Every structure is written in C-alpha cells, then in structure tokens.
$ cat coords.pdb   # PDB, C-alpha atoms and all ligand atoms
MODEL        1
ATOM      1  CA  MET A   1      81.725 116.796  94.050
ATOM      2  CA  CYS A   2      85.177 118.276  94.524
ATOM      3  CA  THR A   3      86.781 121.637  95.146
ATOM      4  CA  PRO A   4      89.451 122.438  92.562
ATOM      5  CA  GLU A   5      92.808 123.016  94.221
ATOM      6  CA  ILE A   6      95.269 125.396  92.628
ATOM      7  CA  ALA A   7      98.717 123.837  92.390
ATOM      8  CA  PHE A   8     101.929 125.051  90.768
ATOM      9  CA  SER A   9     104.638 123.659  88.560
ATOM     10  CA  HIS A  10     107.982 125.320  89.378
ATOM     11  CA  LEU A  11     111.003 125.961  87.194
ATOM     12  CA  VAL A  12     114.058 128.184  86.921
ATOM     13  CA  LEU A  13     114.667 129.968  83.616
ATOM     14  CA  GLN A  14     118.075 130.349  81.979
ATOM     15  CA  ASP A  15     118.576 133.823  83.452
ATOM     16  CA  GLY A  16     117.867 132.523  86.953
ATOM     17  CA  THR A  17     114.292 133.843  87.115
ATOM     18  CA  ARG A  18     111.919 131.554  88.952
ATOM     19  CA  LEU A  19     108.621 130.781  87.240
ATOM     20  CA  ARG A  20     105.613 129.012  88.669
ATOM     21  CA  ILE A  21     102.830 127.808  86.401
ATOM     22  CA  PRO A  22      99.425 127.358  88.032
ATOM     23  CA  TYR A  23      96.981 124.571  87.276
ATOM     24  CA  TRP A  24      93.789 123.201  88.751
ATOM     25  CA  ASP A  25      93.962 119.804  90.393
ATOM     26  CA  LEU A  26      90.571 118.103  90.805
ATOM     27  CA  ARG A  27      90.664 114.886  92.787
ATOM     28  CA  SER A  28      87.745 112.586  93.376
ATOM     29  CA  HIS A  29      87.761 109.967  96.093
ATOM     30  CA  ARG A  30      87.516 107.077  93.650
ATOM     31  CA  PRO A  31      90.184 105.597  91.395
ATOM     32  CA  GLY A  32      89.939 106.231  87.685
ATOM     33  CA  PRO A  33      91.655 107.824  84.706
ATOM     34  CA  VAL A  34      93.776 110.947  85.130
ATOM     35  CA  LEU A  35      92.759 113.454  82.458
ATOM     36  CA  LEU A  36      95.165 116.293  81.690
ATOM     37  CA  VAL A  37      93.636 119.168  79.721
ATOM     38  CA  MET A  38      95.973 121.914  78.596
ATOM     39  CA  ALA A  39      95.978 124.991  76.377
ATOM     40  CA  ALA A  40      98.197 127.805  75.113
ATOM     41  CA  GLN A  41     101.449 126.025  74.411
ATOM     42  CA  HIS A  42     101.387 128.744  71.769
ATOM     43  CA  GLY A  43     100.749 132.095  73.415
ATOM     44  CA  ASN A  44      98.366 133.434  70.755
ATOM     45  CA  GLU A  45      96.060 130.372  70.953
ATOM     46  CA  ILE A  46      93.874 131.365  73.850
ATOM     47  CA  SER A  47      90.291 130.216  73.262
ATOM     48  CA  GLY A  48      91.288 126.878  74.829
ATOM     49  CA  SER A  49      92.402 128.656  78.013
ATOM     50  CA  ALA A  50      88.908 130.090  78.426
ATOM     51  CA  ALA A  51      87.383 126.698  77.607
ATOM     52  CA  ILE A  52      89.410 125.084  80.401
ATOM     53  CA  GLU A  53      88.327 127.698  82.952
ATOM     54  CA  GLN A  54      84.658 127.069  82.121
ATOM     55  CA  PHE A  55      85.191 123.301  82.050
ATOM     56  CA  VAL A  56      86.677 123.276  85.553
ATOM     57  CA  ALA A  57      83.741 125.275  86.927
ATOM     58  CA  GLU A  58      81.224 122.857  85.393
ATOM     59  CA  ILE A  59      82.990 119.569  86.052
ATOM     60  CA  ALA A  60      83.978 120.151  89.687
ATOM     61  CA  PRO A  61      80.489 119.440  91.121
ATOM     62  CA  GLU A  62      80.167 116.419  88.815
ATOM     63  CA  LEU A  63      83.491 114.660  89.379
ATOM     64  CA  ARG A  64      82.764 111.080  90.435
ATOM     65  CA  ALA A  65      86.004 109.213  89.781
ATOM     66  CA  GLY A  66      89.612 109.748  88.807
ATOM     67  CA  ARG A  67      91.434 113.045  88.673
ATOM     68  CA  ILE A  68      91.575 116.050  86.355
ATOM     69  CA  LEU A  69      94.633 118.236  85.880
ATOM     70  CA  ALA A  70      93.694 121.461  84.085
ATOM     71  CA  LEU A  71      96.460 123.696  82.743
ATOM     72  CA  PRO A  72      95.049 126.783  80.975
ATOM     73  CA  PHE A  73      98.389 128.506  80.319
ATOM     74  CA  ALA A  74     101.027 125.948  79.372
ATOM     75  CA  ASN A  75     103.368 128.678  78.148
ATOM     76  CA  PRO A  76     103.053 131.849  80.257
ATOM     77  CA  LEU A  77     106.147 133.327  78.575
ATOM     78  CA  ALA A  78     104.543 133.223  75.123
ATOM     79  CA  LEU A  79     101.197 134.349  76.565
ATOM     80  CA  ARG A  80     102.822 137.462  78.053
ATOM     81  CA  ALA A  81     104.609 138.088  74.729
ATOM     82  CA  ARG A  82     101.169 137.809  73.045
ATOM     83  CA  ARG A  83     102.799 135.738  70.306
ATOM     84  CA  PRO A  84     103.036 132.048  69.329
ATOM     85  CA  HIS A  85     106.489 131.778  70.933
ATOM     86  CA  PHE A  86     108.207 134.201  73.286
ATOM     87  CA  ASP A  87     111.195 134.841  70.982
ATOM     88  CA  LEU A  88     109.155 136.126  68.023
ATOM     89  CA  GLY A  89     108.812 139.741  66.904
ATOM     90  CA  PRO A  90     105.968 141.443  65.041
ATOM     91  CA  GLU A  91     104.441 139.408  62.198
ATOM     92  CA  GLN A  92     107.089 136.671  62.418
ATOM     93  CA  PRO A  93     105.686 133.260  61.464
ATOM     94  CA  TYR A  94     105.694 130.289  63.826
ATOM     95  CA  ILE A  95     108.595 128.592  62.075
ATOM     96  CA  ASP A  96     111.041 131.455  62.771
ATOM     97  CA  SER A  97     111.266 130.423  66.420
ATOM     98  CA  HIS A  98     113.850 128.435  68.345
ATOM     99  CA  GLN A  99     111.556 128.352  71.365
ATOM    100  CA  ASN A 100     108.533 126.408  70.097
ATOM    101  CA  MET A 101     107.776 124.431  73.242
ATOM    102  CA  ALA A 102     105.499 122.067  71.298
ATOM    103  CA  MET A 103     108.693 120.641  69.730
ATOM    104  CA  TYR A 104     110.548 120.073  72.990
ATOM    105  CA  TRP A 105     108.767 117.361  74.932
ATOM    106  CA  PRO A 106     109.798 115.836  77.324
ATOM    107  CA  GLY A 107     112.111 118.804  77.841
ATOM    108  CA  ASP A 108     115.367 119.456  79.654
ATOM    109  CA  ALA A 109     115.519 121.277  82.995
ATOM    110  CA  THR A 110     118.977 122.648  82.087
ATOM    111  CA  GLY A 111     118.226 123.486  78.436
ATOM    112  CA  ARG A 112     116.741 126.528  76.725
ATOM    113  CA  ASP A 113     113.684 128.099  78.349
ATOM    114  CA  SER A 114     111.130 126.256  76.213
ATOM    115  CA  GLN A 115     112.784 122.957  77.217
ATOM    116  CA  ARG A 116     112.672 123.985  80.871
ATOM    117  CA  LEU A 117     108.942 124.678  80.531
ATOM    118  CA  THR A 118     108.235 121.270  79.040
ATOM    119  CA  ALA A 119     110.500 119.497  81.552
ATOM    120  CA  ALA A 120     108.564 120.943  84.498
ATOM    121  CA  LEU A 121     105.148 120.260  82.969
ATOM    122  CA  TRP A 122     106.204 116.791  81.863
ATOM    123  CA  HIS A 123     107.155 115.817  85.389
ATOM    124  CA  ASP A 124     104.220 117.398  87.215
ATOM    125  CA  LEU A 125     101.356 116.954  84.752
ATOM    126  CA  VAL A 126     102.111 114.672  81.814
ATOM    127  CA  LEU A 127     103.622 111.752  83.744
ATOM    128  CA  PRO A 128     100.665 111.395  86.159
ATOM    129  CA  ALA A 129      98.132 111.578  83.284
ATOM    130  CA  THR A 130      96.572 108.621  81.517
ATOM    131  CA  HIS A 131      94.732 110.774  78.956
ATOM    132  CA  ILE A 132      95.764 114.165  77.554
ATOM    133  CA  ILE A 133      93.761 116.725  75.589
ATOM    134  CA  ASP A 134      95.975 119.469  74.184
ATOM    135  CA  LEU A 135      94.021 122.493  72.918
ATOM    136  CA  HIS A 136      95.491 124.649  70.163
ATOM    137  CA  CYS A 137      93.995 127.142  67.700
ATOM    138  CA  TYR A 138      94.334 127.378  63.954
ATOM    139  CA  PRO A 139      93.967 130.765  62.252
ATOM    140  CA  ARG A 140      90.355 131.894  62.020
ATOM    141  CA  SER A 141      90.289 131.142  58.280
ATOM    142  CA  ALA A 142      90.691 127.417  59.058
ATOM    143  CA  ALA A 143      88.155 124.846  60.235
ATOM    144  CA  PRO A 144      88.530 123.302  63.691
ATOM    145  CA  LEU A 145      89.824 119.741  63.725
ATOM    146  CA  ILE A 146      91.368 117.004  65.827
ATOM    147  CA  MET A 147      94.752 115.429  65.097
ATOM    148  CA  ILE A 148      95.493 112.063  66.651
ATOM    149  CA  ALA A 149      97.576 108.947  66.314
ATOM    150  CA  ASP A 150      95.896 106.121  64.422
ATOM    151  CA  GLN A 151      95.191 103.999  67.515
ATOM    152  CA  ALA A 152      91.857 102.524  68.587
ATOM    153  CA  GLU A 153      91.779 103.946  72.124
ATOM    154  CA  THR A 154      92.715 107.420  70.912
ATOM    155  CA  ILE A 155      90.168 107.315  68.090
ATOM    156  CA  ALA A 156      87.403 106.294  70.501
ATOM    157  CA  LEU A 157      88.103 109.287  72.738
ATOM    158  CA  ALA A 158      88.470 111.703  69.810
ATOM    159  CA  GLU A 159      85.189 110.641  68.217
ATOM    160  CA  CYS A 160      83.186 111.568  71.312
ATOM    161  CA  LEU A 161      84.536 115.118  71.562
ATOM    162  CA  GLY A 162      82.108 116.632  69.035
ATOM    163  CA  PHE A 163      84.629 118.143  66.620
ATOM    164  CA  PRO A 164      83.615 118.194  62.932
ATOM    165  CA  PHE A 165      86.874 116.780  61.527
ATOM    166  CA  ILE A 166      89.565 114.277  62.513
ATOM    167  CA  ARG A 167      92.952 113.750  60.894
ATOM    168  CA  LEU A 168      94.845 110.567  61.677
ATOM    169  CA  LEU A 169      98.616 110.768  61.932
ATOM    170  CA  ALA A 170     101.283 108.135  62.260
ATOM    171  CA  LEU A 171     102.336 108.176  65.916
ATOM    172  CA  ASN A 172     105.768 109.498  64.962
ATOM    173  CA  GLU A 173     104.582 111.896  62.228
ATOM    174  CA  GLY A 174     105.875 115.435  62.667
ATOM    175  CA  TRP A 175     108.457 116.467  65.246
ATOM    176  CA  THR A 176     109.957 113.782  67.447
ATOM    177  CA  GLY A 177     109.535 116.218  70.352
ATOM    178  CA  ALA A 178     105.758 116.459  69.894
ATOM    179  CA  LEU A 179     103.725 115.679  73.001
ATOM    180  CA  ARG A 180     101.643 113.218  70.969
ATOM    181  CA  TRP A 181     104.737 111.203  70.143
ATOM    182  CA  GLN A 182     106.563 111.407  73.465
ATOM    183  CA  ALA A 183     103.552 110.794  75.715
ATOM    184  CA  GLY A 184     102.160 108.263  73.239
ATOM    185  CA  ARG A 185     105.359 106.228  73.592
ATOM    186  CA  LEU A 186     104.520 105.837  77.270
ATOM    187  CA  GLY A 187     101.069 104.482  76.415
ATOM    188  CA  LYS A 188      99.165 107.667  77.183
ATOM    189  CA  VAL A 189      96.174 108.592  75.043
ATOM    190  CA  VAL A 190      96.860 112.018  73.506
ATOM    191  CA  VAL A 191      94.318 114.054  71.540
ATOM    192  CA  GLY A 192      95.382 117.312  69.891
ATOM    193  CA  CYS A 193      92.538 119.728  69.149
ATOM    194  CA  GLU A 194      92.704 122.772  66.900
ATOM    195  CA  LEU A 195      90.011 125.347  67.578
ATOM    196  CA  SER A 196      89.555 128.135  65.023
ATOM    197  CA  GLY A 197      90.957 131.612  65.590
ATOM    198  CA  GLN A 198      94.035 133.044  67.270
ATOM    199  CA  TYR A 199      94.803 136.176  69.347
ATOM    200  CA  ARG A 200      91.189 136.557  70.462
ATOM    201  CA  VAL A 201      88.935 134.508  72.700
ATOM    202  CA  TYR A 202      86.194 133.384  70.312
ATOM    203  CA  PRO A 203      83.001 132.510  72.251
ATOM    204  CA  GLY A 204      81.854 129.820  69.816
ATOM    205  CA  GLU A 205      85.232 128.114  69.996
ATOM    206  CA  VAL A 206      85.303 128.369  73.789
ATOM    207  CA  GLN A 207      81.975 126.552  73.827
ATOM    208  CA  ARG A 208      83.295 123.927  71.397
ATOM    209  CA  GLY A 209      86.380 123.376  73.547
ATOM    210  CA  LYS A 210      84.479 123.257  76.834
ATOM    211  CA  GLN A 211      81.949 120.772  75.460
ATOM    212  CA  ALA A 212      84.764 118.598  74.107
ATOM    213  CA  LEU A 213      86.322 118.445  77.582
ATOM    214  CA  LEU A 214      82.957 117.691  79.228
ATOM    215  CA  ASN A 215      82.399 114.958  76.646
ATOM    216  CA  ALA A 216      85.816 113.490  77.415
ATOM    217  CA  ALA A 217      85.094 113.487  81.150
ATOM    218  CA  GLY A 218      81.808 111.675  80.540
ATOM    219  CA  PHE A 219      83.356 109.206  78.119
ATOM    220  CA  LEU A 220      86.126 108.334  80.589
ATOM    221  CA  GLY A 221      83.674 107.886  83.467
ATOM    222  CA  LEU A 222      84.958 110.873  85.442
ATOM    223  CA  SER A 223      81.491 112.419  85.419
ATOM    224  CA  PRO A 224      78.052 110.798  85.134
ATOM    225  CA  GLU A 225      77.110 112.925  82.112
ATOM    226  CA  PRO A 226      77.485 110.952  78.872
ATOM    227  CA  PRO A 227      79.039 112.789  75.918
ATOM    228  CA  LEU A 228      76.601 115.083  74.123
ATOM    229  CA  ALA A 229      75.402 113.538  70.873
ATOM    230  CA  ALA A 230      76.922 115.264  67.845
ATOM    231  CA  PRO A 231      77.180 114.525  64.123
ATOM    232  CA  ALA A 232      79.931 111.991  63.444
ATOM    233  CA  ALA A 233      83.297 113.570  62.711
ATOM    234  CA  LYS A 234      84.521 113.392  59.116
ATOM    235  CA  TYR A 235      87.944 111.874  58.592
ATOM    236  CA  LEU A 236      90.258 114.050  56.529
ATOM    237  CA  GLN A 237      92.929 112.756  54.185
ATOM    238  CA  MET A 238      95.354 115.469  53.169
ATOM    239  CA  GLU A 239      96.211 113.729  49.909
ATOM    240  CA  LYS A 240      92.591 114.226  48.817
ATOM    241  CA  TYR A 241      92.482 117.954  49.562
ATOM    242  CA  LEU A 242      91.584 120.197  46.629
ATOM    243  CA  GLU A 243      93.103 123.632  46.251
ATOM    244  CA  VAL A 244      91.034 126.228  44.426
ATOM    245  CA  ARG A 245      93.462 128.680  42.841
ATOM    246  CA  ALA A 246      93.053 132.204  41.512
ATOM    247  CA  PRO A 247      92.708 132.380  37.689
ATOM    248  CA  HIS A 248      94.073 135.935  37.757
ATOM    249  CA  GLN A 249      95.095 138.502  40.317
ATOM    250  CA  GLY A 250      92.612 140.657  42.156
ATOM    251  CA  LEU A 251      90.612 141.023  45.340
ATOM    252  CA  PHE A 252      88.913 137.823  46.479
ATOM    253  CA  ILE A 253      85.459 138.630  47.811
ATOM    254  CA  GLN A 254      84.361 135.544  49.679
ATOM    255  CA  THR A 255      80.660 134.775  49.801
ATOM    256  CA  ALA A 256      80.623 131.155  51.033
ATOM    257  CA  GLY A 257      80.098 130.224  54.641
ATOM    258  CA  ALA A 258      82.325 129.703  57.627
ATOM    259  CA  PRO A 259      85.356 127.403  57.670
ATOM    260  CA  GLY A 260      84.128 123.824  57.933
ATOM    261  CA  SER A 261      80.880 124.439  56.066
ATOM    262  CA  LEU A 262      79.684 122.039  53.376
ATOM    263  CA  LEU A 263      79.629 123.416  49.827
ATOM    264  CA  GLN A 264      77.655 121.880  46.969
ATOM    265  CA  ALA A 265      79.346 121.259  43.621
ATOM    266  CA  GLY A 266      79.054 124.490  41.645
ATOM    267  CA  GLN A 267      78.271 126.585  44.708
ATOM    268  CA  GLU A 268      80.002 129.941  44.610
ATOM    269  CA  ILE A 269      82.819 130.413  47.128
ATOM    270  CA  GLY A 270      83.300 134.027  46.134
ATOM    271  CA  CYS A 271      84.263 136.279  43.271
ATOM    272  CA  LEU A 272      87.611 137.605  42.176
ATOM    273  CA  LEU A 273      87.650 141.282  41.179
ATOM    274  CA  SER A 274      90.640 142.305  39.064
ATOM    275  CA  GLU A 275      92.139 145.631  40.115
ATOM    276  CA  GLN A 276      93.493 146.004  36.555
ATOM    277  CA  THR A 277      90.407 145.337  34.417
ATOM    278  CA  LEU A 278      87.548 145.247  36.947
ATOM    279  CA  GLN A 279      86.726 141.844  35.471
ATOM    280  CA  CYS A 280      84.924 139.782  38.117
ATOM    281  CA  SER A 281      85.303 135.989  38.006
ATOM    282  CA  SER A 282      82.992 133.710  39.928
ATOM    283  CA  ILE A 283      84.877 131.064  41.922
ATOM    284  CA  SER A 284      82.943 127.926  42.810
ATOM    285  CA  ALA A 285      83.446 124.526  44.429
ATOM    286  CA  PRO A 286      84.285 121.875  41.787
ATOM    287  CA  VAL A 287      82.697 119.051  43.828
ATOM    288  CA  ASP A 288      80.652 118.648  47.008
ATOM    289  CA  ALA A 289      83.241 119.522  49.622
ATOM    290  CA  TYR A 290      83.972 120.974  53.051
ATOM    291  CA  LEU A 291      85.637 124.364  53.166
ATOM    292  CA  LEU A 292      88.718 123.698  55.309
ATOM    293  CA  ARG A 293      90.567 126.938  54.770
ATOM    294  CA  SER A 294      89.699 130.078  52.872
ATOM    295  CA  CYS A 295      91.819 132.700  51.191
ATOM    296  CA  ALA A 296      94.766 133.276  53.474
ATOM    297  CA  ARG A 297      98.387 132.343  53.744
ATOM    298  CA  PRO A 298      99.439 129.630  56.234
ATOM    299  CA  ASP A 299      99.621 130.861  59.840
ATOM    300  CA  CYS A 300      98.032 134.053  58.527
ATOM    301  CA  ASP A 301      96.759 135.334  61.862
ATOM    302  CA  VAL A 302     100.304 136.371  62.851
ATOM    303  CA  ALA A 303     100.551 138.957  60.048
ATOM    304  CA  LEU A 304      98.065 141.462  58.673
ATOM    305  CA  PRO A 305      99.290 141.300  55.032
ATOM    306  CA  ASP A 306      98.909 137.514  55.146
ATOM    307  CA  GLN A 307      95.233 137.959  56.002
ATOM    308  CA  HIS A 308      94.737 140.379  53.113
ATOM    309  CA  GLN A 309      92.405 139.095  50.430
ATOM    310  CA  PHE A 310      94.280 140.536  47.466
ATOM    311  CA  VAL A 311      95.717 137.546  45.615
ATOM    312  CA  PHE A 312      98.010 136.919  42.678
ATOM    313  CA  ALA A 313      97.298 134.414  39.892
ATOM    314  CA  GLN A 314      97.575 130.830  41.194
ATOM    315  CA  ASP A 315      97.347 131.838  44.855
ATOM    316  CA  VAL A 316      95.161 129.487  46.876
ATOM    317  CA  LEU A 317      91.636 130.847  47.392
ATOM    318  CA  ALA A 318      90.290 127.862  49.297
ATOM    319  CA  VAL A 319      91.308 124.410  50.480
ATOM    320  CA  LEU A 320      88.491 121.864  50.205
ATOM    321  CA  ALA A 321      88.003 118.319  51.455
ATOM    322  CA  PRO A 322      85.709 116.337  49.117
ATOM    323  CA  ALA A 323      82.569 115.254  50.986
TER
HETATM  324 ZN    ZN A 401      99.379 125.580  68.587
ENDMDL
END
$ encode --input "coords.pdb" --output "structure tokens" --more "lines below"
Ligand SMILES: [Zn+2]
Amino acid sequence: MCTPEIAFSHLVLQDGTRLRIPYWDLRSHRPGPVLLVMAAQHGNEISGSAAIEQFVAEIAPELRAGRILALPFANPLALRARRPHFDLGPEQPYIDSHQNMAMYWPGDATGRDSQRLTAALWHDLVLPATHIIDLHCYPRSAAPLIMIADQAETIALAECLGFPFIRLLALNEGWTGALRWQAGRLGKVVVGCELSGQYRVYPGEVQRGKQALLNAAGFLGLSPEPPLAAPAAKYLQMEKYLEVRAPHQGLFIQTAGAPGSLLQAGQEIGCLLSEQTLQCSSISAPVDAYLLRSCARPDCDVALPDQHQFVFAQDVLAVLAPA
C-alpha cells in the first residue's frame, strides 16, 4: 500500500520560461526494481497517458516492493501544441521536426528545448530507473506492437506485457539519441510500446496499456499480482512483410478486420472501386497473415488526405506479416 506522491522535474526553456513536469512517485518500504513508465514523448500519442493514470490508481494499493515513477506527459510542449512535436504546423509529418525529443536522449540542459526536456527527465527519472516502459501510439490503421533490443532480460519483460506483436531491434538500431539505446547502454531494461491510434484517447488501447503496466509490475515483483495470461506475442520480421498493392486506381473499400487481425489465405481484405470505370476488384490476402497496417500513408494520422482511401495504382493497400 502506498500513496502516490506528485513530484516535479524542473527545467528552463531557451526563452527563459520555467517549466515543471509532474510525475507520480510511488515508493514502497522494501527494496526492489525501479520501474519508470512514461507516455506522450510525442504530443499526439495520448492513450498511454490515460493508461498511466489508471495504472497508478490500481497499483498504488498493491505496491509491495521497489518504486514506480509514472510520467504521463513526457512532452507537455508537444501536448499543448496537440501535435507530435511542438514545432510542427498543420498536417506536417513527424520527420519535418527539429524538436523530436525521442531523438535527443540523454539531452542537454543548455541545448534546444527538446534537449532541455530530455536532460531534465533523464536526470530525475531515467537515471534512477532500472526498468523503463515507454508508451507511444502508431496511427490507428496500424497494429499495436512492442519494439525492444534483442536481449534476454528485455525480451522476458516484453513477453509478459500482453501485446500481440514484438519486433526485435539491434540495441543501436535507429537514432543514437533513442532512449532505448542511451538507457540500454547503462544496463537499463527498456521496452518501447506502440498502442494504436493518435490524437484521441482510445479506450481499448488505454486498457491494453494499463494491463501491460500491471503485468510489468507483477512480473518485476512490485505487486503480488502475476501477469495476466495472454496469447504469446508473435515476433515480426520486417524483411518478411508482404505489401498488397493496388492493381489500379480507385477507392479502397476495406472489409477485413481491425489492425492486427489474422487473415486466411484468399480472405478478402476489401475491394477497389475504380472512379473511372466503376470496375470493382476484390483484394485478398495471398497467404495466412496478420494485417499490420491497412490502406494509409505512413504517419497518416497527422494529415486528413493521408488517411483518405482513394489510391493510385501500386499504392500500398495493406501490409501483412505471414502467420
Ligand atoms: Zn511516438
């Protein structure tokens, strides 16, 4: 049993403005792992923030050992901008930014604002942690998954979280400033989770995120509740992904299930209705496969046209992972 304290990480922005970032600090009276759970490094990825709030309420009476640091809004500047990063304008994709804080760990207290954010959080939250769960959100057309370094301790934690898919990365794959890489170098166990859906708080994804955090707490011995049993996660290999492409242009009318669902070979994913001829082509899965992403451009949630289901010939209608 513990009462969550609200603590603050303090920093000064480039223009001299002071910023304080609140987090919950849950301390038991027994030694144990220090679990940092965080969300919303990207300000439009907010289901994880709600998951953390619910997790703290449920875990506080159960905490038996160790400590939990719970940071629902890692990037208040981007949250208030209601965009992935605080320097983006309408419909600008993630990559247009120079303030992507996820690239700037461990930060610089005298650098640009995103580096100042990471420097403060690194000192106050990352350094004390032994285990880190970093919640993000893919666009709602994409299946939820976990991305982790290919290390036994990290894999063991990731497998108990209850996510349907896991992708293994080399520890230094991606940006050198990624939290996974920088905190991993210090021997911390870092699990990156992608829920599904941006800009909105999706109740099903909040539940998925909250349960993942409860499972982690049980797995690490912070609470007496063992992780909830769930189907084993499937390991994804990007080089085996199949792209289903449009045979002609038209409106893609998707009929298959939600992202992450299992399709049988030959099962219809949808039909493609030509606006020129009204010809309608059935589009089906070539093999038994999981639907990882359906008709949409990458990072599509940032822009309405990118969510539009009119496609040109050879556009990607679905990305599948063979079962
Ligand atoms: Zn993100």
$ residues_around --input "coords.pdb" --residues "segment 1-16 of chain A" --least-positions-apart "6" --cutoff "7 Å" --atoms "all atoms listed in the file" --output "count of residues only"
18
$ closest_residue --input "coords.pdb" --among "A:Gly218, A:Gly32, A:Pro93, A:Pro286" --to "Leu320 of chain A" --atoms "all atoms listed in the file"
A:Pro286
$ closest_atom_pairs --input "coords.pdb" --of "chain A" --to "ligand ZN 401 (chain A)" --cutoff "10 Å" --atoms "all atoms listed in the file" --output "Markdown table"
| residue | atom | partner | partner_atom | distance |
| --- | --- | --- | --- | --- |
| A:Ala39 | CA | A:ZN401 | ZN | 8.5 |
| A:Ala40 | CA | A:ZN401 | ZN | 7.0 |
| A:Gln41 | CA | A:ZN401 | ZN | 6.2 |
| A:His42 | CA | A:ZN401 | ZN | 4.9 |
| A:Gly43 | CA | A:ZN401 | ZN | 8.2 |
| A:Asn44 | CA | A:ZN401 | ZN | 8.2 |
| A:Glu45 | CA | A:ZN401 | ZN | 6.3 |
| A:Ile46 | CA | A:ZN401 | ZN | 9.6 |
| A:Pro84 | CA | A:ZN401 | ZN | 7.5 |
| A:His85 | CA | A:ZN401 | ZN | 9.7 |
| A:Tyr94 | CA | A:ZN401 | ZN | 9.2 |
| A:Asn100 | CA | A:ZN401 | ZN | 9.3 |
| A:Met101 | CA | A:ZN401 | ZN | 9.7 |
| A:Ala102 | CA | A:ZN401 | ZN | 7.6 |
| A:Asp134 | CA | A:ZN401 | ZN | 9.0 |
| A:Leu135 | CA | A:ZN401 | ZN | 7.5 |
| A:His136 | CA | A:ZN401 | ZN | 4.3 |
| A:Cys137 | CA | A:ZN401 | ZN | 5.7 |
| A:Tyr138 | CA | A:ZN401 | ZN | 7.1 |
| A:Pro139 | CA | A:ZN401 | ZN | 9.8 |
| A:Gly192 | CA | A:ZN401 | ZN | 9.3 |
| A:Cys193 | CA | A:ZN401 | ZN | 9.0 |
| A:Glu194 | CA | A:ZN401 | ZN | 7.4 |
| A:Leu195 | CA | A:ZN401 | ZN | 9.4 |
| A:Gln198 | CA | A:ZN401 | ZN | 9.3 |
$ resolve_selection --input "coords.pdb" --expression "the PyMOL selection byres (((chain A and resi 163-168) around 9) and not hetatm)" --output "CSV table (one decimal) with C-alpha atoms, in the coordinates of the input"
chain,number,residue,atom,x,y,z
A,143,ALA,CA,88.2,124.8,60.2
A,144,PRO,CA,88.5,123.3,63.7
A,145,LEU,CA,89.8,119.7,63.7
A,146,ILE,CA,91.4,117.0,65.8
A,147,MET,CA,94.8,115.4,65.1
A,148,ILE,CA,95.5,112.1,66.7
A,149,ALA,CA,97.6,108.9,66.3
A,150,ASP,CA,95.9,106.1,64.4
A,151,GLN,CA,95.2,104.0,67.5
A,155,ILE,CA,90.2,107.3,68.1
A,158,ALA,CA,88.5,111.7,69.8
A,159,GLU,CA,85.2,110.6,68.2
A,160,CYS,CA,83.2,111.6,71.3
A,161,LEU,CA,84.5,115.1,71.6
A,162,GLY,CA,82.1,116.6,69.0
A,169,LEU,CA,98.6,110.8,61.9
A,170,ALA,CA,101.3,108.1,62.3
A,171,LEU,CA,102.3,108.2,65.9
A,193,CYS,CA,92.5,119.7,69.1
A,208,ARG,CA,83.3,123.9,71.4
A,209,GLY,CA,86.4,123.4,73.5
A,212,ALA,CA,84.8,118.6,74.1
A,230,ALA,CA,76.9,115.3,67.8
A,231,PRO,CA,77.2,114.5,64.1
A,232,ALA,CA,79.9,112.0,63.4
A,233,ALA,CA,83.3,113.6,62.7
A,234,LYS,CA,84.5,113.4,59.1
A,235,TYR,CA,87.9,111.9,58.6
A,236,LEU,CA,90.3,114.0,56.5
A,237,GLN,CA,92.9,112.8,54.2
A,238,MET,CA,95.4,115.5,53.2
A,260,GLY,CA,84.1,123.8,57.9
$ atom_distance --input "coords.pdb" --atom1 "atom CA of Glu225 of chain A" --atom2 "atom CA of Ala51 of chain A"
17.8 Å
$ resolve_selection --input "coords.pdb" --expression "the PyMOL selection byres (((chain A and resi 280) around 12) and not hetatm)" --output "PyMOL selection string"
chain A and resi 246-253+270-279+281-283
$ resolve_selection --input "coords.pdb" --expression "the PyMOL selection byres (((chain A and resi 294) around 6) and not hetatm)" --output "tab-separated table (two decimals) with C-alpha atoms, in the frame of the given file"
chain	number	residue	atom	x	y	z
A	141	SER	CA	90.29	131.14	58.28
A	293	ARG	CA	90.57	126.94	54.77
A	295	CYS	CA	91.82	132.70	51.19
A	317	LEU	CA	91.64	130.85	47.39
A	318	ALA	CA	90.29	127.86	49.30
$ residues_around --input "coords.pdb" --residues "Cys300 of chain A" --least-positions-apart "4" --cutoff "9 Å" --atoms "all atoms listed in the file" --output "PDB file with C-alpha atoms, keeping the file's coordinate frame"
ATOM      1  CA  PRO A  93     105.686 133.260  61.464  1.00  0.00           C
ATOM      2  CA  PRO A 139      93.967 130.765  62.252  1.00  0.00           C
ATOM      3  CA  ARG A 140      90.355 131.894  62.020  1.00  0.00           C
ATOM      4  CA  SER A 141      90.289 131.142  58.280  1.00  0.00           C
ATOM      5  CA  ALA A 296      94.766 133.276  53.474  1.00  0.00           C
ATOM      6  CA  LEU A 304      98.065 141.462  58.673  1.00  0.00           C
ATOM      7  CA  PRO A 305      99.290 141.300  55.032  1.00  0.00           C
ATOM      8  CA  ASP A 306      98.909 137.514  55.146  1.00  0.00           C
ATOM      9  CA  GLN A 307      95.233 137.959  56.002  1.00  0.00           C
ATOM     10  CA  HIS A 308      94.737 140.379  53.113  1.00  0.00           C
TER      11      HIS A 308
END
$ closest_residue --input "coords.pdb" --among "A:Val302, A:Val126, A:Val201, A:Leu222" --to "Gln182 of chain A" --atoms "all atoms listed in the file"
A:Val126
$ atom_distance --input "coords.pdb" --atom1 "atom CA of Leu125 of chain A" --atom2 "atom CA of Ala178 of chain A"
15.5 Å
$ closest_residue --input "coords.pdb" --among "A:Arg67, A:Arg200, A:Arg180, A:Arg297" --to "Ser49 of chain A" --atoms "only C-alpha atoms"
A:Arg200
